[in-house]
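Have a look at structure.txt below; it lists compact mmCIF, C-alpha atoms.
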# COMPACT_ATOMS: atom_id res chain seq x y z
CA MET A 1 11.45 -18.66 23.74
CA ALA A 2 9.10 -16.68 25.94
CA GLU A 3 7.74 -13.41 24.69
CA ALA A 4 9.56 -10.37 25.99
CA ALA A 5 7.75 -8.33 28.58
CA SER A 6 7.40 -4.58 28.26
CA SER A 7 7.39 -1.97 30.96
CA THR A 8 3.68 -1.39 30.43
CA ASP A 9 2.38 -4.94 30.75
CA SER A 10 -0.49 -3.86 32.98
CA THR A 11 -1.80 -1.54 30.25
CA ILE A 12 -1.47 -3.95 27.32
CA PRO A 13 -4.91 -5.17 26.28
CA THR A 14 -5.96 -8.76 25.63
CA HIS A 15 -8.73 -7.56 23.31
CA THR A 16 -9.06 -4.75 20.79
CA LYS A 17 -11.73 -2.77 18.95
CA ALA A 18 -11.74 -3.72 15.27
CA TRP A 19 -13.68 -3.57 12.02
CA TYR A 20 -14.48 -7.02 10.63
CA TYR A 21 -16.67 -8.88 8.16
CA SER A 22 -18.14 -12.36 8.39
CA GLU A 23 -19.41 -12.67 4.81
CA HIS A 24 -18.31 -11.36 1.44
CA GLY A 25 -20.16 -8.48 -0.14
CA SER A 26 -20.32 -4.71 -0.36
CA PRO A 27 -18.32 -3.08 2.48
CA ALA A 28 -21.37 -0.96 3.32
CA ASP A 29 -23.38 -4.14 3.88
CA VAL A 30 -20.92 -6.49 5.58
CA LEU A 31 -18.48 -4.40 7.65
CA LYS A 32 -19.19 -4.41 11.38
CA PHE A 33 -17.41 -3.03 14.45
CA ASP A 34 -16.35 -5.37 17.26
CA LEU A 35 -15.63 -3.80 20.64
CA ASN A 36 -13.95 -6.93 22.01
CA TRP A 37 -11.85 -8.73 19.37
CA PRO A 38 -9.35 -11.11 21.06
CA LEU A 39 -5.70 -10.38 20.34
CA PRO A 40 -3.62 -13.42 19.33
CA GLN A 41 -0.70 -14.71 21.37
CA LEU A 42 2.44 -12.87 20.27
CA LYS A 43 5.00 -15.07 18.49
CA ASP A 44 8.74 -14.73 19.02
CA ASP A 45 9.29 -12.82 15.77
CA GLN A 46 6.30 -10.49 16.14
CA VAL A 47 5.52 -7.13 17.71
CA LEU A 48 2.26 -5.78 19.06
CA ILE A 49 1.44 -2.36 17.57
CA LYS A 50 -0.86 0.34 18.87
CA VAL A 51 -2.39 1.51 15.61
CA ILE A 52 -2.22 5.26 14.97
CA ALA A 53 -3.14 5.31 11.25
CA VAL A 54 -4.15 2.90 8.48
CA SER A 55 -3.95 3.42 4.74
CA LEU A 56 -6.68 1.92 2.56
CA ASN A 57 -5.83 0.11 -0.67
CA PRO A 58 -7.96 -1.36 -3.49
CA VAL A 59 -6.94 -4.82 -2.27
CA ASP A 60 -8.93 -4.12 0.92
CA TYR A 61 -12.30 -3.70 -0.75
CA LYS A 62 -11.57 -6.43 -3.28
CA ARG A 63 -10.87 -8.82 -0.39
CA ILE A 64 -14.14 -7.83 1.29
CA HIS A 65 -16.00 -8.43 -1.99
CA GLY A 66 -14.51 -11.96 -2.10
CA VAL A 67 -12.25 -11.49 -5.14
CA PHE A 68 -9.49 -13.53 -3.45
CA LYS A 69 -11.63 -16.12 -1.70
CA ASP A 70 -9.76 -19.00 -3.36
CA THR A 71 -6.57 -18.00 -1.52
CA ASP A 72 -8.23 -16.28 1.44
CA PRO A 73 -10.37 -18.95 3.14
CA TYR A 74 -10.57 -17.41 6.60
CA LEU A 75 -14.25 -16.60 6.98
CA PRO A 76 -16.33 -16.40 9.15
CA LYS A 77 -14.54 -13.39 10.71
CA ILE A 78 -11.77 -11.27 9.21
CA VAL A 79 -10.34 -7.89 10.19
CA PRO A 80 -9.14 -6.31 6.90
CA GLY A 81 -6.25 -3.91 6.37
CA PHE A 82 -2.67 -4.12 5.09
CA ASP A 83 -0.90 -0.82 5.85
CA VAL A 84 -0.22 0.48 9.34
CA ALA A 85 1.72 3.14 11.21
CA GLY A 86 1.87 2.96 14.98
CA ILE A 87 3.83 2.45 18.18
CA VAL A 88 5.36 -0.81 19.39
CA VAL A 89 3.88 -1.77 22.78
CA ARG A 90 5.27 -5.30 23.08
CA VAL A 91 7.99 -7.34 21.36
CA GLY A 92 8.46 -11.08 20.89
CA GLY A 93 11.43 -12.82 22.44
CA GLU A 94 13.51 -12.93 19.24
CA VAL A 95 12.81 -9.38 18.05
CA ARG A 96 16.01 -7.35 17.82
CA LYS A 97 15.25 -4.42 15.50
CA PHE A 98 12.51 -2.78 17.56
CA ASN A 99 11.91 -1.82 21.16
CA VAL A 100 8.80 -0.83 23.07
CA GLY A 101 7.98 2.76 22.18
CA ASP A 102 9.43 2.67 18.66
CA GLU A 103 7.42 4.31 15.89
CA VAL A 104 7.01 1.83 13.02
CA TYR A 105 5.19 1.34 9.74
CA GLY A 106 4.70 -1.44 7.21
CA ASP A 107 2.44 -3.72 5.18
CA ILE A 108 1.66 -6.62 7.53
CA ASN A 109 0.58 -9.15 4.86
CA GLU A 110 3.80 -10.65 3.59
CA GLN A 111 2.67 -12.73 0.63
CA GLY A 112 0.38 -10.37 -1.19
CA LEU A 113 -2.82 -12.30 -1.80
CA SER A 114 -2.14 -15.54 0.05
CA ASN A 115 -1.75 -16.36 3.75
CA LEU A 116 -3.52 -13.11 4.57
CA LYS A 117 -3.86 -12.31 8.25
CA ILE A 118 -7.16 -12.78 10.07
CA LEU A 119 -6.31 -9.73 12.18
CA GLY A 120 -5.45 -6.92 9.78
CA THR A 121 -4.74 -3.29 10.55
CA LEU A 122 -8.25 -1.84 10.82
CA SER A 123 -8.05 -2.31 14.56
CA GLU A 124 -6.82 -0.35 17.58
CA TYR A 125 -4.02 -2.91 17.99
CA THR A 126 -2.48 -5.33 15.51
CA VAL A 127 0.36 -7.84 15.29
CA ALA A 128 3.13 -8.02 12.67
CA GLU A 129 6.38 -9.85 12.05
CA GLU A 130 9.52 -7.83 12.64
CA ARG A 131 10.75 -8.36 9.05
CA LEU A 132 7.68 -6.62 7.60
CA LEU A 133 8.20 -3.37 9.49
CA ALA A 134 10.56 -0.41 9.42
CA HIS A 135 11.23 2.60 11.61
CA LYS A 136 8.98 5.50 10.67
CA PRO A 137 10.86 8.36 8.99
CA SER A 138 11.27 11.01 11.67
CA ASN A 139 10.04 13.85 9.46
CA LEU A 140 6.73 12.16 8.58
CA SER A 141 3.51 12.07 10.59
CA PHE A 142 1.82 8.75 11.33
CA ILE A 143 -0.86 9.67 8.77
CA GLU A 144 1.80 10.22 6.10
CA ALA A 145 3.75 7.09 7.03
CA ALA A 146 0.66 4.87 6.96
CA SER A 147 0.03 5.91 3.36
CA ILE A 148 3.36 4.55 2.15
CA PRO A 149 4.09 0.82 2.60
CA LEU A 150 2.01 -1.24 0.16
CA ALA A 151 1.99 1.36 -2.62
CA LEU A 152 5.68 2.22 -2.34
CA GLU A 153 6.84 -1.39 -2.04
CA THR A 154 4.69 -2.37 -5.02
CA ALA A 155 6.09 0.46 -7.14
CA PHE A 156 9.65 -0.47 -6.18
CA GLU A 157 9.20 -4.19 -6.81
CA GLY A 158 7.82 -3.51 -10.28
CA PHE A 159 10.97 -1.61 -11.23
CA GLU A 160 13.13 -4.44 -9.89
CA HIS A 161 11.21 -7.06 -11.89
CA ALA A 162 11.59 -4.92 -15.02
CA GLN A 163 15.31 -4.34 -14.33
CA PHE A 164 14.78 -0.65 -14.89
CA SER A 165 17.89 1.54 -14.82
CA ALA A 166 19.16 5.06 -15.33
CA ALA A 167 18.71 6.89 -18.65
CA LYS A 168 15.67 4.81 -19.64
CA SER A 169 12.24 6.28 -20.38
CA ILE A 170 8.99 5.33 -18.69
CA LEU A 171 5.24 5.79 -19.08
CA VAL A 172 3.15 5.30 -15.93
CA LEU A 173 -0.51 4.46 -16.51
CA GLY A 174 -2.51 5.86 -13.60
CA GLY A 175 0.09 8.28 -12.34
CA ALA A 176 -2.10 10.01 -9.73
CA GLY A 177 -2.98 6.83 -7.86
CA GLY A 178 -1.17 5.34 -4.88
CA VAL A 179 1.25 3.08 -6.77
CA GLY A 180 1.46 5.37 -9.78
CA SER A 181 2.50 8.43 -7.78
CA TYR A 182 5.36 6.47 -6.21
CA ALA A 183 6.35 4.95 -9.55
CA ILE A 184 6.82 8.47 -10.90
CA GLN A 185 8.85 9.60 -7.91
CA LEU A 186 11.04 6.50 -7.83
CA ALA A 187 11.66 6.78 -11.58
CA LYS A 188 12.81 10.36 -11.11
CA HIS A 189 14.78 10.29 -7.87
CA VAL A 190 15.93 6.68 -7.40
CA TYR A 191 16.29 5.28 -10.92
CA LYS A 192 17.11 8.57 -12.70
CA ALA A 193 14.86 7.99 -15.70
CA SER A 194 15.59 10.03 -18.81
CA VAL A 195 11.94 10.79 -19.62
CA ILE A 196 8.85 10.28 -17.46
CA ALA A 197 5.33 10.34 -18.89
CA ALA A 198 2.11 9.47 -17.09
CA THR A 199 -1.63 9.33 -17.64
CA ALA A 200 -4.39 10.82 -15.49
CA SER A 201 -7.75 12.54 -15.85
CA THR A 202 -7.95 16.25 -16.63
CA GLY A 203 -8.20 17.41 -13.03
CA LYS A 204 -5.13 15.46 -11.93
CA LEU A 205 -2.64 16.55 -14.60
CA GLU A 206 -1.16 19.26 -12.37
CA VAL A 207 -0.48 16.63 -9.70
CA LEU A 208 1.58 14.69 -12.27
CA ARG A 209 3.60 17.79 -13.13
CA GLU A 210 4.25 18.51 -9.46
CA LEU A 211 5.58 14.96 -9.09
CA GLY A 212 8.10 15.61 -11.86
CA VAL A 213 6.44 14.19 -14.97
CA ASP A 214 7.82 15.47 -18.28
CA LEU A 215 4.70 14.59 -20.28
CA ALA A 216 1.30 14.54 -18.55
CA ILE A 217 -1.26 12.75 -20.74
CA ASP A 218 -4.99 13.37 -20.30
CA TYR A 219 -6.52 9.96 -20.90
CA THR A 220 -9.97 11.52 -21.38
CA LYS A 221 -8.65 13.29 -24.49
CA HIS A 222 -5.83 11.08 -25.80
CA ASN A 223 -5.16 7.38 -26.28
CA PHE A 224 -1.61 7.08 -25.01
CA GLU A 225 -0.79 4.24 -27.41
CA GLU A 226 -1.60 6.47 -30.41
CA LEU A 227 0.88 9.19 -29.42
CA PRO A 228 4.27 9.23 -31.22
CA GLU A 229 6.40 8.82 -28.07
CA LYS A 230 7.55 5.29 -27.24
CA TYR A 231 9.12 4.09 -23.97
CA ASP A 232 11.59 1.61 -22.52
CA LEU A 233 9.03 0.71 -19.84
CA VAL A 234 5.29 1.09 -19.46
CA TYR A 235 4.25 0.69 -15.82
CA ASP A 236 0.56 -0.26 -15.79
CA THR A 237 -1.34 0.36 -12.54
CA VAL A 238 -4.84 0.44 -14.04
CA GLY A 239 -5.24 -2.74 -16.11
CA GLN A 240 -4.33 -1.58 -19.64
CA ALA A 241 -1.39 -3.87 -20.32
CA ASP A 242 -2.85 -4.96 -23.66
CA ARG A 243 -2.72 -1.38 -24.95
CA ALA A 244 0.65 -0.73 -23.29
CA PHE A 245 2.52 -2.91 -25.78
CA LYS A 246 1.73 -0.38 -28.49
CA ALA A 247 3.60 2.30 -26.53
CA ILE A 248 6.96 0.57 -25.96
CA LYS A 249 10.18 0.66 -27.93
CA GLU A 250 11.33 -2.41 -29.83
CA ASP A 251 13.06 -3.88 -26.76
CA GLY A 252 10.73 -2.24 -24.25
CA LYS A 253 8.92 -3.92 -21.39
CA VAL A 254 5.48 -3.74 -19.78
CA VAL A 255 4.99 -4.37 -16.08
CA THR A 256 1.49 -4.56 -14.61
CA ILE A 257 0.15 -4.84 -11.08
CA VAL A 258 -3.37 -5.72 -12.22
CA PRO A 259 -4.13 -9.45 -12.30
CA PRO A 260 -4.46 -11.61 -14.28
CA GLY A 261 -1.99 -9.66 -16.41
CA TYR A 262 -1.48 -9.83 -20.15
CA PRO A 263 1.43 -12.02 -21.34
CA PRO A 264 4.20 -11.24 -22.05
CA ALA A 265 3.73 -8.36 -19.61
CA ILE A 266 5.62 -8.79 -16.33
CA THR A 267 3.00 -9.52 -13.69
CA PHE A 268 3.75 -9.87 -10.00
CA VAL A 269 2.17 -9.83 -6.56
CA LEU A 270 4.00 -7.87 -3.88
CA THR A 271 6.10 -9.61 -1.25
CA SER A 272 6.09 -7.19 1.67
CA LYS A 273 9.52 -6.40 3.13
CA GLY A 274 10.46 -3.88 5.78
CA SER A 275 13.90 -3.76 4.17
CA ILE A 276 12.44 -1.94 1.14
CA LEU A 277 11.08 0.77 3.42
CA GLU A 278 14.45 1.05 5.18
CA LYS A 279 16.27 1.26 1.84
CA LEU A 280 14.05 4.09 0.58
CA ARG A 281 13.81 5.92 3.91
CA PRO A 282 16.55 8.48 3.04
CA TYR A 283 14.52 9.66 0.05
CA PHE A 284 11.61 10.54 2.35
CA GLU A 285 13.82 12.11 5.00
CA SER A 286 15.48 14.29 2.37
CA GLY A 287 12.10 15.32 0.96
CA GLN A 288 12.85 13.98 -2.52
CA VAL A 289 10.03 11.43 -2.32
CA LYS A 290 6.80 12.57 -0.68
CA PRO A 291 3.60 10.86 0.44
CA ILE A 292 0.63 11.92 -1.66
CA LEU A 293 -2.54 12.15 0.42
CA ASP A 294 -6.05 12.60 -0.92
CA ALA A 295 -7.84 15.77 0.20
CA LYS A 296 -10.27 13.69 2.29
CA THR A 297 -7.40 12.25 4.36
CA PRO A 298 -7.48 11.60 7.26
CA LEU A 299 -10.87 10.16 8.22
CA PRO A 300 -11.77 8.59 11.58
CA PHE A 301 -12.49 4.86 11.89
CA SER A 302 -16.15 5.78 12.34
CA GLN A 303 -16.21 6.85 8.67
CA LEU A 304 -14.47 3.72 7.35
CA VAL A 305 -17.40 2.62 5.18
CA GLU A 306 -17.55 6.06 3.56
CA ALA A 307 -13.77 6.04 3.06
CA ILE A 308 -13.81 2.66 1.32
CA SER A 309 -16.78 3.66 -0.82
CA TYR A 310 -14.87 6.76 -1.91
CA LEU A 311 -11.79 4.69 -2.76
CA GLU A 312 -13.97 2.41 -4.90
CA THR A 313 -14.97 5.37 -7.10
CA SER A 314 -11.32 5.67 -8.29
CA ARG A 315 -11.58 9.44 -7.77
CA ALA A 316 -8.95 9.59 -5.03
CA THR A 317 -5.67 11.39 -5.71
CA GLY A 318 -2.99 9.64 -3.72
CA LYS A 319 -3.87 7.71 -0.56
CA VAL A 320 -6.88 7.63 1.74
CA VAL A 321 -5.93 7.17 5.40
CA VAL A 322 -8.14 6.41 8.42
CA TYR A 323 -7.35 6.45 12.13
CA PRO A 324 -8.81 5.05 15.35
CA ILE A 325 -10.20 7.63 17.75
CA PRO A 326 -8.45 7.29 21.15

Conversion result in structure tokens:
Amino acid sequence: MAEAASSTDSTIPTHTKAWYYSEHGSPADVLKFDLNWPLPQLKDDQVLIKVIAVSLNPVDYKRIHGVFKDTDPYLPKIVPGFDVAGIVVRVGGEVRKFNVGDEVYGDINEQGLSNLKILGTLSEYTVAEERLLAHKPSNLSFIEAASIPLALETAFEGFEHAQFSAAKSILVLGGAGGVGSYAIQLAKHVYKASVIAATASTGKLEVLRELGVDLAIDYTKHNFEELPEKYDLVYDTVGQADRAFKAIKEDGKVVTIVPPGYPPAITFVLTSKGSILEKLRPYFESGQVKPILDAKTPLPFSQLVEAISYLETSRATGKVVVYPIP
């Protein structure tokens, strides 16, 4: 089926400005800016998006460093980036959910760490399958919306894998990070946890309390596994699954998002789905669940290297978002 034309065909570019790398290494050394990256032919199930904002994730710099090169063989040139918020400027012939002009957001890499796109989101335009996107909540800015998809979907999928339910208790390791901050909010507002505890450094404890944590644990002063409280679920976002087993109840579970995991912890890699964003949209529109943005957000594309370097320090609270300058 032919791709559907939009009313602005004459203004739709065939090339885009984009950040890319052609070898693995430190982002500061290998990231370059291309003023004329060719856009791929739009497939029937895809939309072309004018990028307004992009959220950075640890997976971005790990990919640039070559951590996933066994399942990511696309060198010599890759545009990184998973999360996007933007405006639909063209739709494929079989797209039914979106129209030109719609405001959308999503994580455009469906299978986590495999079959990653050559053209990611750190570009003025990008392409994504309809099923990976959702309509942007009307009360959120593009900057706020861009910060949501990968972190929120990961947090949600972890709860589903763990079969978490109301009246259970949870400890979130790394509660001030992107996934951790959503894990806390989902536990409170969606799953109705009985008790929510979380770890963070001293300066981030107030953030945990504002998110609704009952017990904020300063990991610089306490080893969480040595405290008397035990939990139905420990949600590990920082790579401490081995210690987490000492903090669960007799029938408790540990879920971790940090590979390679620690059996018998539940380990998974996100499968991106726009349907998750649609399902959780009412919680954002009601204000129950909120995007958590780092104080440095937003930064222009011109400061991408600095933004990634900052993310690599693990000092960010919430999400770091960048945007292309028109």

Point (-7.8, -7.7, 12.0), cut-off 7 Å, counting only C-alpha atoms, residues as JSON, numbers by chain: {"A": [18, 20, 78, 79, 80, 81, 118, 119, 120, 121, 122, 123, 126]}

Sort by chain and increasing residue number a table of all residues of segment 26-81 of chain A within 12 Å of segment 306-316 of chain A, each with its closest pair of atoms and their distance in Å to one decimal, counting only C-alpha atoms, and write it as a Markdown table.
| residue | atom | partner | partner_atom | distance |
| --- | --- | --- | --- | --- |
| A:Ser26 | CA | A:Ser309 | CA | 9.1 |
| A:Pro27 | CA | A:Ile308 | CA | 7.4 |
| A:Ala28 | CA | A:Ser309 | CA | 7.7 |
| A:Asp29 | CA | A:Ser309 | CA | 11.2 |
| A:Leu31 | CA | A:Ile308 | CA | 10.6 |
| A:Val54 | CA | A:Ala307 | CA | 11.5 |
| A:Ser55 | CA | A:Ala307 | CA | 10.3 |
| A:Leu56 | CA | A:Ile308 | CA | 7.3 |
| A:Asn57 | CA | A:Leu311 | CA | 7.8 |
| A:Pro58 | CA | A:Leu311 | CA | 7.2 |
| A:Val59 | CA | A:Glu312 | CA | 10.4 |
| A:Asp60 | CA | A:Ile308 | CA | 8.4 |
| A:Tyr61 | CA | A:Ile308 | CA | 6.9 |
| A:Lys62 | CA | A:Glu312 | CA | 9.3 |
| A:Arg63 | CA | A:Ile308 | CA | 12.0 |
| A:Ile64 | CA | A:Ile308 | CA | 10.5 |
| A:His65 | CA | A:Glu312 | CA | 11.4 |
| A:Pro80 | CA | A:Ile308 | CA | 11.6 |
| A:Gly81 | CA | A:Ile308 | CA | 11.2 |

Mind giving me the straight-line distance from atom CA of Thr267 of chain A to atom CA of Gly175 of chain A in Å, one decimal?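 About the pair atom CA of Thr267 of chain A and atom CA of Gly175 of chain A: they are 18.1 Å apart.
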
What does the distance from atom CA of Tyr125 of chain A to atom CA of Ser272 of chain A come to in Å, to one decimal? 19.7 Å

For segment 53-62 of chain A, what centre and edge lengths in Å (one decimal) does the axis-aligned box get once 3 Å is added on each side of all its listed atoms, as JSON?
{"center_x": -7.7, "center_y": -0.6, "center_z": 3.9, "size_x": 15.2, "size_y": 17.7, "size_z": 20.7}
